[in-house]
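Undergrad: Have a peek at upload10.cif (mmCIF, C-alpha atoms and all ligand atoms).
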data_upload
loop_
_atom_site.group_PDB
_atom_site.id
_atom_site.type_symbol
_atom_site.label_atom_id
_atom_site.label_comp_id
_atom_site.auth_asym_id
_atom_site.auth_seq_id
_atom_site.Cartn_x
_atom_site.Cartn_y
_atom_site.Cartn_z
ATOM 1 C CA MET A 23 5.450 -11.153 -0.689
ATOM 2 C CA GLN A 24 5.214 -9.411 -4.059
ATOM 3 C CA VAL A 25 5.371 -5.715 -4.971
ATOM 4 C CA THR A 26 3.488 -4.841 -8.175
ATOM 5 C CA PRO A 27 3.810 -1.271 -9.498
ATOM 6 C CA LEU A 28 0.453 0.182 -10.550
ATOM 7 C CA GLN A 29 -0.435 2.222 -13.603
ATOM 8 C CA GLY A 30 0.118 5.915 -12.846
ATOM 9 C CA ALA A 31 1.154 5.858 -9.192
ATOM 10 C CA GLY A 32 1.870 3.511 -6.329
ATOM 11 C CA ALA A 33 2.306 -0.219 -5.916
ATOM 12 C CA GLU A 34 0.190 -3.073 -4.587
ATOM 13 C CA ILE A 35 1.787 -5.471 -2.125
ATOM 14 C CA THR A 36 0.323 -8.959 -1.972
ATOM 15 C CA GLY A 37 1.094 -12.153 -0.112
ATOM 16 C CA VAL A 38 1.685 -10.573 3.259
ATOM 17 C CA ASP A 39 -0.157 -10.119 6.570
ATOM 18 C CA ILE A 40 0.899 -6.705 7.842
ATOM 19 C CA ARG A 41 0.177 -7.728 11.440
ATOM 20 C CA HIS A 42 3.128 -10.098 11.296
ATOM 21 C CA LEU A 43 5.852 -8.620 9.096
ATOM 22 C CA THR A 44 9.209 -10.314 9.385
ATOM 23 C CA PRO A 45 12.222 -7.973 9.486
ATOM 24 C CA GLY A 46 12.853 -8.785 5.817
ATOM 25 C CA GLU A 47 9.245 -8.063 4.837
ATOM 26 C CA PHE A 48 9.276 -4.847 6.833
ATOM 27 C CA ALA A 49 12.406 -3.682 4.991
ATOM 28 C CA ALA A 50 10.810 -4.520 1.630
ATOM 29 C CA VAL A 51 7.583 -2.679 2.527
ATOM 30 C CA ARG A 52 9.576 0.345 3.615
ATOM 31 C CA GLN A 53 11.561 0.282 0.370
ATOM 32 C CA ALA A 54 8.384 0.007 -1.737
ATOM 33 C CA TYR A 55 6.906 2.945 0.180
ATOM 34 C CA ALA A 56 9.990 5.067 -0.551
ATOM 35 C CA ASP A 57 10.119 4.014 -4.204
ATOM 36 C CA HIS A 58 6.425 4.348 -5.098
ATOM 37 C CA GLY A 59 5.064 7.009 -2.694
ATOM 38 C CA VAL A 60 1.921 5.026 -1.915
ATOM 39 C CA ILE A 61 1.439 1.326 -1.265
ATOM 40 C CA PHE A 62 -1.754 -0.696 -1.057
ATOM 41 C CA PHE A 63 -2.614 -3.925 0.742
ATOM 42 C CA ARG A 64 -5.736 -6.080 0.333
ATOM 43 C CA ASP A 65 -7.566 -8.567 2.531
ATOM 44 C CA GLN A 66 -6.018 -7.441 5.805
ATOM 45 C CA SER A 67 -7.853 -7.847 9.108
ATOM 46 C CA LEU A 68 -6.501 -5.181 11.416
ATOM 47 C CA SER A 69 -7.928 -4.363 14.817
ATOM 48 C CA GLU A 70 -7.367 -0.813 16.017
ATOM 49 C CA ASP A 71 -4.399 -2.067 18.058
ATOM 50 C CA ASP A 72 -2.941 -3.800 14.981
ATOM 51 C CA HIS A 73 -3.345 -0.602 12.980
ATOM 52 C CA ILE A 74 -1.513 1.410 15.646
ATOM 53 C CA ALA A 75 1.255 -1.200 15.946
ATOM 54 C CA PHE A 76 1.819 -1.253 12.164
ATOM 55 C CA ALA A 77 2.031 2.549 11.975
ATOM 56 C CA ARG A 78 4.407 2.756 14.952
ATOM 57 C CA ARG A 79 6.944 0.552 13.167
ATOM 58 C CA PHE A 80 7.453 3.459 10.729
ATOM 59 C CA GLY A 81 7.685 6.300 13.232
ATOM 60 C CA PRO A 82 5.968 8.200 16.044
ATOM 61 C CA ILE A 83 2.251 8.868 15.609
ATOM 62 C CA ASN A 84 1.012 12.401 14.948
ATOM 63 C CA ILE A 85 -2.326 13.148 16.608
ATOM 64 C CA ASN A 86 -4.284 15.338 14.210
ATOM 65 C CA ARG A 87 -5.428 18.679 15.620
ATOM 66 C CA PHE A 88 -8.433 19.127 13.368
ATOM 67 C CA PHE A 89 -10.030 15.732 12.834
ATOM 68 C CA GLN A 90 -12.527 13.950 15.049
ATOM 69 C CA ALA A 91 -10.701 11.201 16.947
ATOM 70 C CA HIS A 92 -11.747 7.615 17.607
ATOM 71 C CA GLU A 93 -13.488 7.582 20.987
ATOM 72 C CA ARG A 94 -11.186 4.911 22.455
ATOM 73 C CA PHE A 95 -7.990 5.345 20.410
ATOM 74 C CA PRO A 96 -6.857 8.977 20.190
ATOM 75 C CA GLU A 97 -4.106 7.930 17.739
ATOM 76 C CA ILE A 98 -6.831 7.155 15.190
ATOM 77 C CA ALA A 99 -8.530 10.007 13.314
ATOM 78 C CA LEU A 100 -11.950 9.354 11.827
ATOM 79 C CA VAL A 101 -12.469 10.141 8.162
ATOM 80 C CA LEU A 102 -16.227 9.903 8.164
ATOM 81 C CA LYS A 103 -19.197 10.870 6.043
ATOM 82 C CA GLU A 104 -22.642 9.999 7.374
ATOM 83 C CA LYS A 105 -25.392 9.118 4.951
ATOM 84 C CA GLU A 106 -27.212 12.416 5.462
ATOM 85 C CA GLN A 107 -24.030 14.512 5.011
ATOM 86 C CA LYS A 108 -23.046 16.014 1.678
ATOM 87 C CA THR A 109 -19.469 17.209 2.219
ATOM 88 C CA ASN A 110 -16.632 14.727 2.431
ATOM 89 C CA ILE A 111 -13.172 15.198 3.918
ATOM 90 C CA GLY A 112 -10.315 15.557 1.467
ATOM 91 C CA GLY A 113 -12.529 16.052 -1.583
ATOM 92 C CA GLY A 114 -9.951 17.813 -3.735
ATOM 93 C CA TRP A 115 -6.328 17.242 -4.713
ATOM 94 C CA HIS A 116 -4.064 17.870 -1.729
ATOM 95 C CA THR A 117 -1.353 16.455 0.445
ATOM 96 C CA ASP A 118 -1.782 16.414 4.201
ATOM 97 C CA HIS A 119 0.129 18.568 6.665
ATOM 98 C CA SER A 120 2.153 20.697 4.240
ATOM 99 C CA TYR A 121 1.114 23.589 6.535
ATOM 100 C CA ASP A 122 3.458 22.253 9.226
ATOM 101 C CA ALA A 123 7.158 23.126 9.470
ATOM 102 C CA GLU A 124 7.867 19.396 9.690
ATOM 103 C CA PRO A 125 5.059 17.879 7.599
ATOM 104 C CA ALA A 126 3.797 14.454 8.607
ATOM 105 C CA MET A 127 5.479 11.644 6.675
ATOM 106 C CA GLY A 128 2.248 9.949 5.686
ATOM 107 C CA SER A 129 -0.848 8.101 6.786
ATOM 108 C CA VAL A 130 -2.095 4.549 7.046
ATOM 109 C CA LEU A 131 -5.771 4.492 6.050
ATOM 110 C CA VAL A 132 -7.936 1.469 6.843
ATOM 111 C CA ALA A 133 -11.420 0.985 5.376
ATOM 112 C CA ARG A 134 -14.003 0.328 8.128
ATOM 113 C CA GLN A 135 -17.339 0.947 6.401
ATOM 114 C CA LEU A 136 -17.678 1.425 2.662
ATOM 115 C CA PRO A 137 -20.502 2.494 0.381
ATOM 116 C CA ASP A 138 -21.836 -0.130 -2.019
ATOM 117 C CA ALA A 139 -20.268 1.836 -4.871
ATOM 118 C CA GLY A 140 -18.051 4.900 -5.143
ATOM 119 C CA GLY A 141 -15.779 6.455 -2.524
ATOM 120 C CA ASP A 142 -12.588 5.691 -4.459
ATOM 121 C CA THR A 143 -9.418 7.627 -3.662
ATOM 122 C CA TRP A 144 -7.114 9.019 -6.342
ATOM 123 C CA PHE A 145 -3.382 9.185 -5.681
ATOM 124 C CA ALA A 146 -0.990 11.161 -7.874
ATOM 125 C CA SER A 147 2.786 10.715 -7.948
ATOM 126 C CA MET A 148 4.761 13.875 -7.336
ATOM 127 C CA TYR A 149 7.915 12.019 -8.393
ATOM 128 C CA ALA A 150 6.328 11.556 -11.827
ATOM 129 C CA ALA A 151 4.929 15.084 -11.815
ATOM 130 C CA TYR A 152 8.430 16.457 -11.311
ATOM 131 C CA ASP A 153 10.183 14.067 -13.685
ATOM 132 C CA THR A 154 7.856 14.916 -16.587
ATOM 133 C CA LEU A 155 8.185 18.705 -16.314
ATOM 134 C CA ASP A 156 9.943 20.385 -19.223
ATOM 135 C CA ALA A 157 13.537 21.503 -18.691
ATOM 136 C CA SER A 158 12.775 25.222 -18.547
ATOM 137 C CA THR A 159 10.150 24.743 -15.830
ATOM 138 C CA LYS A 160 12.544 22.552 -13.852
ATOM 139 C CA ALA A 161 15.135 25.336 -14.101
ATOM 140 C CA GLU A 162 12.603 27.993 -13.071
ATOM 141 C CA ILE A 163 11.452 26.169 -9.942
ATOM 142 C CA ALA A 164 14.767 24.642 -8.878
ATOM 143 C CA ASP A 165 15.450 27.103 -6.078
ATOM 144 C CA LEU A 166 11.966 28.454 -5.349
ATOM 145 C CA GLN A 167 10.212 28.285 -2.001
ATOM 146 C CA ALA A 168 6.434 28.137 -1.529
ATOM 147 C CA VAL A 169 4.298 29.331 1.380
ATOM 148 C CA HIS A 170 1.774 26.935 2.950
ATOM 149 C CA SER A 171 -1.110 27.518 5.367
ATOM 150 C CA ALA A 172 -4.177 25.735 6.742
ATOM 151 C CA ARG A 173 -5.985 28.829 8.026
ATOM 152 C CA HIS A 174 -8.245 29.024 4.972
ATOM 153 C CA ILE A 175 -9.081 25.319 5.238
ATOM 154 C CA PHE A 176 -9.486 24.585 8.958
ATOM 155 C CA GLY A 177 -9.761 28.126 10.443
ATOM 156 C CA SER A 178 -12.837 29.903 11.811
ATOM 157 C CA ALA A 179 -13.448 32.367 8.957
ATOM 158 C CA PRO A 180 -16.970 31.752 7.630
ATOM 159 C CA ASP A 181 -15.792 31.333 4.059
ATOM 160 C CA ASN A 182 -13.109 28.772 4.796
ATOM 161 C CA HIS A 183 -13.287 25.410 3.102
ATOM 162 C CA TYR A 184 -15.034 23.476 5.860
ATOM 163 C CA LYS A 185 -16.962 26.279 7.614
ATOM 164 C CA ALA A 186 -18.631 27.044 4.312
ATOM 165 C CA ASN A 187 -20.051 23.523 4.515
ATOM 166 C CA ARG A 188 -21.846 23.399 7.847
ATOM 167 C CA ASP A 189 -22.350 19.673 7.931
ATOM 168 C CA THR A 190 -18.635 19.080 8.575
ATOM 169 C CA ASP A 191 -18.822 20.781 11.992
ATOM 170 C CA SER A 192 -18.847 17.567 14.023
ATOM 171 C CA ARG A 193 -15.992 16.052 12.011
ATOM 172 C CA ILE A 194 -13.560 18.984 11.633
ATOM 173 C CA GLY A 195 -12.857 21.080 14.728
ATOM 174 C CA ASN A 196 -10.298 23.110 16.662
ATOM 175 C CA ALA A 197 -10.573 26.095 14.298
ATOM 176 C CA ALA A 198 -8.857 28.278 16.907
ATOM 177 C CA ALA A 199 -5.648 26.263 16.475
ATOM 178 C CA ALA A 200 -5.769 26.821 12.727
ATOM 179 C CA ASP A 201 -6.381 30.556 13.147
ATOM 180 C CA VAL A 202 -3.050 31.014 14.930
ATOM 181 C CA LEU A 203 -0.946 28.893 12.568
ATOM 182 C CA GLU A 204 2.115 30.662 11.233
ATOM 183 C CA ASP A 205 2.766 30.378 7.515
ATOM 184 C CA VAL A 206 5.555 27.947 6.683
ATOM 185 C CA THR A 207 7.744 27.690 3.618
ATOM 186 C CA HIS A 208 9.057 24.586 1.879
ATOM 187 C CA PRO A 209 11.057 24.153 -1.317
ATOM 188 C CA VAL A 210 8.893 23.784 -4.443
ATOM 189 C CA VAL A 211 11.106 20.824 -5.350
ATOM 190 C CA ILE A 212 12.223 18.623 -2.482
ATOM 191 C CA ALA A 213 14.785 15.863 -2.238
ATOM 192 C CA HIS A 214 12.610 13.123 -0.805
ATOM 193 C CA PRO A 215 13.794 12.234 2.730
ATOM 194 C CA LEU A 216 13.547 8.458 2.167
ATOM 195 C CA SER A 217 14.370 7.967 -1.512
ATOM 196 C CA GLY A 218 16.534 10.994 -2.307
ATOM 197 C CA LYS A 219 14.500 11.434 -5.509
ATOM 198 C CA LYS A 220 13.194 14.856 -6.515
ATOM 199 C CA ALA A 221 9.473 15.477 -5.990
ATOM 200 C CA LEU A 222 7.177 18.417 -6.689
ATOM 201 C CA TYR A 223 5.998 19.760 -3.326
ATOM 202 C CA VAL A 224 3.163 22.241 -3.862
ATOM 203 C CA ASN A 225 -0.532 21.393 -3.627
ATOM 204 C CA PRO A 226 -3.840 23.114 -4.432
ATOM 205 C CA ALA A 227 -5.235 22.973 -0.881
ATOM 206 C CA PHE A 228 -2.508 24.349 1.357
ATOM 207 C CA THR A 229 0.045 26.149 -0.840
ATOM 208 C CA THR A 230 -0.850 29.840 -0.832
ATOM 209 C CA ARG A 231 1.901 31.411 -2.948
ATOM 210 C CA ILE A 232 5.394 31.286 -4.366
ATOM 211 C CA GLU A 233 7.751 33.258 -2.171
ATOM 212 C CA GLY A 234 9.182 36.370 -3.861
ATOM 213 C CA TYR A 235 6.705 36.275 -6.774
ATOM 214 C CA THR A 236 3.934 38.800 -7.414
ATOM 215 C CA ASP A 237 0.420 37.525 -6.745
ATOM 216 C CA GLN A 238 -0.199 37.152 -10.462
ATOM 217 C CA ALA A 239 3.088 35.415 -11.248
ATOM 218 C CA SER A 240 2.602 33.120 -8.260
ATOM 219 C CA HIS A 241 -0.924 32.232 -9.335
ATOM 220 C CA GLU A 242 0.163 31.578 -12.916
ATOM 221 C CA LEU A 243 3.061 29.329 -11.960
ATOM 222 C CA LEU A 244 1.041 27.343 -9.411
ATOM 223 C CA ALA A 245 -1.838 26.906 -11.877
ATOM 224 C CA ARG A 246 0.609 25.622 -14.484
ATOM 225 C CA LEU A 247 2.249 23.186 -12.044
ATOM 226 C CA TYR A 248 -1.127 21.927 -10.809
ATOM 227 C CA ALA A 249 -2.473 21.402 -14.328
ATOM 228 C CA HIS A 250 0.621 19.358 -15.095
ATOM 229 C CA ALA A 251 0.544 17.357 -11.842
ATOM 230 C CA MET A 252 -3.163 16.491 -12.220
ATOM 231 C CA ASN A 253 -2.487 14.513 -15.379
ATOM 232 C CA PRO A 254 -4.254 11.130 -14.959
ATOM 233 C CA ALA A 255 -1.116 9.529 -16.432
ATOM 234 C CA HIS A 256 0.583 10.302 -13.079
ATOM 235 C CA ALA A 257 -2.309 9.025 -10.951
ATOM 236 C CA HIS A 258 -3.994 5.854 -9.792
ATOM 237 C CA ARG A 259 -7.650 5.491 -8.793
ATOM 238 C CA PHE A 260 -7.800 3.123 -5.834
ATOM 239 C CA LYS A 261 -10.995 1.133 -5.318
ATOM 240 C CA TRP A 262 -11.524 0.270 -1.666
ATOM 241 C CA GLN A 263 -12.760 -3.136 -0.548
ATOM 242 C CA PRO A 264 -13.242 -4.541 2.952
ATOM 243 C CA GLY A 265 -9.724 -5.229 4.246
ATOM 244 C CA SER A 266 -8.027 -2.638 2.030
ATOM 245 C CA VAL A 267 -5.225 -0.536 3.496
ATOM 246 C CA ALA A 268 -3.496 2.412 1.818
ATOM 247 C CA PHE A 269 -0.256 3.850 3.156
ATOM 248 C CA TRP A 270 0.793 7.044 1.408
ATOM 249 C CA ASP A 271 3.720 9.417 1.703
ATOM 250 C CA ASN A 272 2.727 13.079 1.849
ATOM 251 C CA ARG A 273 6.069 14.143 0.358
ATOM 252 C CA ALA A 274 5.718 11.999 -2.764
ATOM 253 C CA THR A 275 1.979 11.986 -3.552
ATOM 254 C CA TRP A 276 -1.245 13.942 -3.607
ATOM 255 C CA HIS A 277 -4.599 12.332 -2.890
ATOM 256 C CA TRP A 278 -8.258 13.126 -3.577
ATOM 257 C CA ALA A 279 -11.230 11.392 -1.969
ATOM 258 C CA MET A 280 -14.126 11.043 -4.427
ATOM 259 C CA ASN A 281 -17.470 12.283 -3.087
ATOM 260 C CA ASP A 282 -19.864 10.214 -5.207
ATOM 261 C CA TYR A 283 -21.772 8.081 -2.688
ATOM 262 C CA HIS A 284 -24.414 10.398 -1.165
ATOM 263 C CA GLY A 285 -26.930 8.570 0.986
ATOM 264 C CA GLU A 286 -24.393 6.001 2.218
ATOM 265 C CA ARG A 287 -22.059 6.010 5.224
ATOM 266 C CA ARG A 288 -18.301 5.756 4.733
ATOM 267 C CA LEU A 289 -15.887 5.418 7.661
ATOM 268 C CA MET A 290 -12.119 5.179 7.414
ATOM 269 C CA HIS A 291 -9.565 5.030 10.227
ATOM 270 C CA ARG A 292 -6.476 7.141 9.640
ATOM 271 C CA ILE A 293 -3.202 7.076 11.542
ATOM 272 C CA THR A 294 -0.621 9.691 10.660
ATOM 273 C CA ILE A 295 3.111 9.287 11.183
ATOM 274 C CA GLU A 296 5.476 12.138 12.023
ATOM 275 C CA GLY A 297 7.813 13.494 9.359
ATOM 276 C CA CYS A 298 10.725 15.894 9.183
ATOM 277 C CA ALA A 299 11.811 19.223 7.756
ATOM 278 C CA LEU A 300 12.144 19.201 3.951
ATOM 279 C CA ASN A 301 14.909 20.487 1.749
HETATM 280 FE FE FE A 401 -5.896 14.074 3.079
#
Represent the structure contained in this file as structure tokens.
TA:
Amino acid sequence: MQVTPLQGAGAEITGVDIRHLTPGEFAAVRQAYADHGVIFFRDQSLSEDDHIAFARRFGPININRFFQAHERFPEIALVLKEKEQKTNIGGGWHTDHSYDAEPAMGSVLVARQLPDAGGDTWFASMYAAYDTLDASTKAEIADLQAVHSARHIFGSAPDNHYKANRDTDSRIGNAAAADVLEDVTHPVVIAHPLSGKKALYVNPAFTTRIEGYTDQASHELLARLYAHAMNPAHAHRFKWQPGSVAFWDNRATWHWAMNDYHGERRLMHRITIEGCALN
């Protein structure tokens, strides 16, 4: 088994069948995940049961409240775009579940049906985003908290992210659960629960403001942090192939699903693993 760091973010792990990890391989995979924030495997052949078993080795499974589930395996959320649909899921920089008090650790995404071309996923390292900030910005954000919500993304308001795009109705649901979500706060800079390294923990989808800042000051700081974090030097564009698996950590990365394959069907199976409170 070999771990190869990738340009920008993440690492590719080769020479391993993730259905049959030895205890030593499992420990090395877990370490690579903590170190790099996202790890990629190629040429795997996972059944749904294999996918669930792999994810469970890392923690309890979180059943997503908003995504369409696999009809036989409720642990598996479908990330689907039909050929006649125009809107994809996750088509902007974000990290999943920051709207929860204990955000999910991460997800294992398995490619099931891919377009002939396109449908890549970008991943950005929030370790690198933090490390490359200038000293005065690091000092400014050291003790700040940010507010996160999913109401404007998954809620029932007609102008929310998905309701504004009617063709996602069958894929994103349970708006009533989003409507009653309480805002949560997390530190702007977290000590990563697995690695101990500092990571930037705000994102353009779910972070709504900096606690204690005016609207304008909050907007200005978040815009500045996002512009910095979006630097392609901190990111890797992952090209999916049959058998590809990506396993990302929500506390150490952002991701962005490219929506450049209209007229073709793309189906991914996602399993999300529970996380913990952040500080
Ligand atoms: Fe996502």
Undergrad: Once the PyMOL selection byres (((chain A and resi 224) around 10) and not hetatm) is applied to the coordinates I shared, what remains selected? I want it as a PyMOL selection string.
TA: chain A and resi 116-117+120+148+167-170+208-212+221-223+225-232+244+247-248+251+273+276
Undergrad: Once you count all atoms listed in the file, what closest atom pair and distance in Å to one decimal does each residue of chain A within 9 Å of ligand FE 401 (chain A) have, with rows by chain and rising residue number, as JSON lines?
TA:
{"residue": "A:Ile111", "atom": "CA", "partner": "A:FE401", "partner_atom": "FE", "distance": 7.4}
{"residue": "A:Gly112", "atom": "CA", "partner": "A:FE401", "partner_atom": "FE", "distance": 4.9}
{"residue": "A:Gly113", "atom": "CA", "partner": "A:FE401", "partner_atom": "FE", "distance": 8.3}
{"residue": "A:Gly114", "atom": "CA", "partner": "A:FE401", "partner_atom": "FE", "distance": 8.8}
{"residue": "A:Trp115", "atom": "CA", "partner": "A:FE401", "partner_atom": "FE", "distance": 8.4}
{"residue": "A:His116", "atom": "CA", "partner": "A:FE401", "partner_atom": "FE", "distance": 6.4}
{"residue": "A:Thr117", "atom": "CA", "partner": "A:FE401", "partner_atom": "FE", "distance": 5.8}
{"residue": "A:Asp118", "atom": "CA", "partner": "A:FE401", "partner_atom": "FE", "distance": 4.9}
{"residue": "A:His119", "atom": "CA", "partner": "A:FE401", "partner_atom": "FE", "distance": 8.3}
{"residue": "A:Ser129", "atom": "CA", "partner": "A:FE401", "partner_atom": "FE", "distance": 8.7}
{"residue": "A:Asn272", "atom": "CA", "partner": "A:FE401", "partner_atom": "FE", "distance": 8.8}
{"residue": "A:Trp276", "atom": "CA", "partner": "A:FE401", "partner_atom": "FE", "distance": 8.1}
{"residue": "A:His277", "atom": "CA", "partner": "A:FE401", "partner_atom": "FE", "distance": 6.4}
{"residue": "A:Trp278", "atom": "CA", "partner": "A:FE401", "partner_atom": "FE", "distance": 7.1}
{"residue": "A:Ala279", "atom": "CA", "partner": "A:FE401", "partner_atom": "FE", "distance": 7.8}
Undergrad: Applied to the shown file, which residues does the PyMOL selection byres (((chain A and resi 63) around 9) and not hetatm) return, written as a VMD selection string?
TA: chain A and resid 34 to 36 38 to 40 61 to 62 64 to 66 265 to 269
Undergrad: I'd like the neighbourhood of region 85-102 of chain A as a PyMOL selection string, where a residue qualifies if any of its atoms comes within 8 Å (using only C-alpha atoms), though same-chain residues fewer than 3 positions away should be ignored.
TA: chain A and resi 70+74+110-111+176+192-197+199+287-294
Undergrad: Would you kindly translate the PyMOL selection byres (((chain A and resi 31) around 8) and not hetatm) into the concrete residues it picks from this file, as a JSON list (two decimals) with C-alpha atoms, in the frame of the given file?
TA:
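As written to disk, out05.json reads:
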[["chain", "number", "residue", "atom", "x", "y", "z"],
["A", 27, "PRO", "CA", 3.81, -1.27, -9.50],
["A", 28, "LEU", "CA", 0.45, 0.18, -10.55],
["A", 29, "GLN", "CA", -0.44, 2.22, -13.60],
["A", 30, "GLY", "CA", 0.12, 5.92, -12.85],
["A", 32, "GLY", "CA", 1.87, 3.51, -6.33],
["A", 33, "ALA", "CA", 2.31, -0.22, -5.92],
["A", 58, "HIS", "CA", 6.42, 4.35, -5.10],
["A", 59, "GLY", "CA", 5.06, 7.01, -2.69],
["A", 60, "VAL", "CA", 1.92, 5.03, -1.92],
["A", 145, "PHE", "CA", -3.38, 9.18, -5.68],
["A", 146, "ALA", "CA", -0.99, 11.16, -7.87],
["A", 147, "SER", "CA", 2.79, 10.72, -7.95],
["A", 256, "HIS", "CA", 0.58, 10.30, -13.08],
["A", 257, "ALA", "CA", -2.31, 9.02, -10.95],
["A", 258, "HIS", "CA", -3.99, 5.85, -9.79]]
Undergrad: Give me, please, the distance in Å between CA of Asp57 (chain A) and CA of Ala213 (chain A), quoted to one decimal.
TA: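 One can read the CA of Asp57 (chain A) to CA of Ala213 (chain A) distance as 12.9 Å.
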Undergrad: To one decimal place in Å, what is the distance between CA of Ala299 (chain A) and CA of Asp122 (chain A)?
TA: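 CA of Asp122 (chain A) lies 9.0 Å from CA of Ala299 (chain A).
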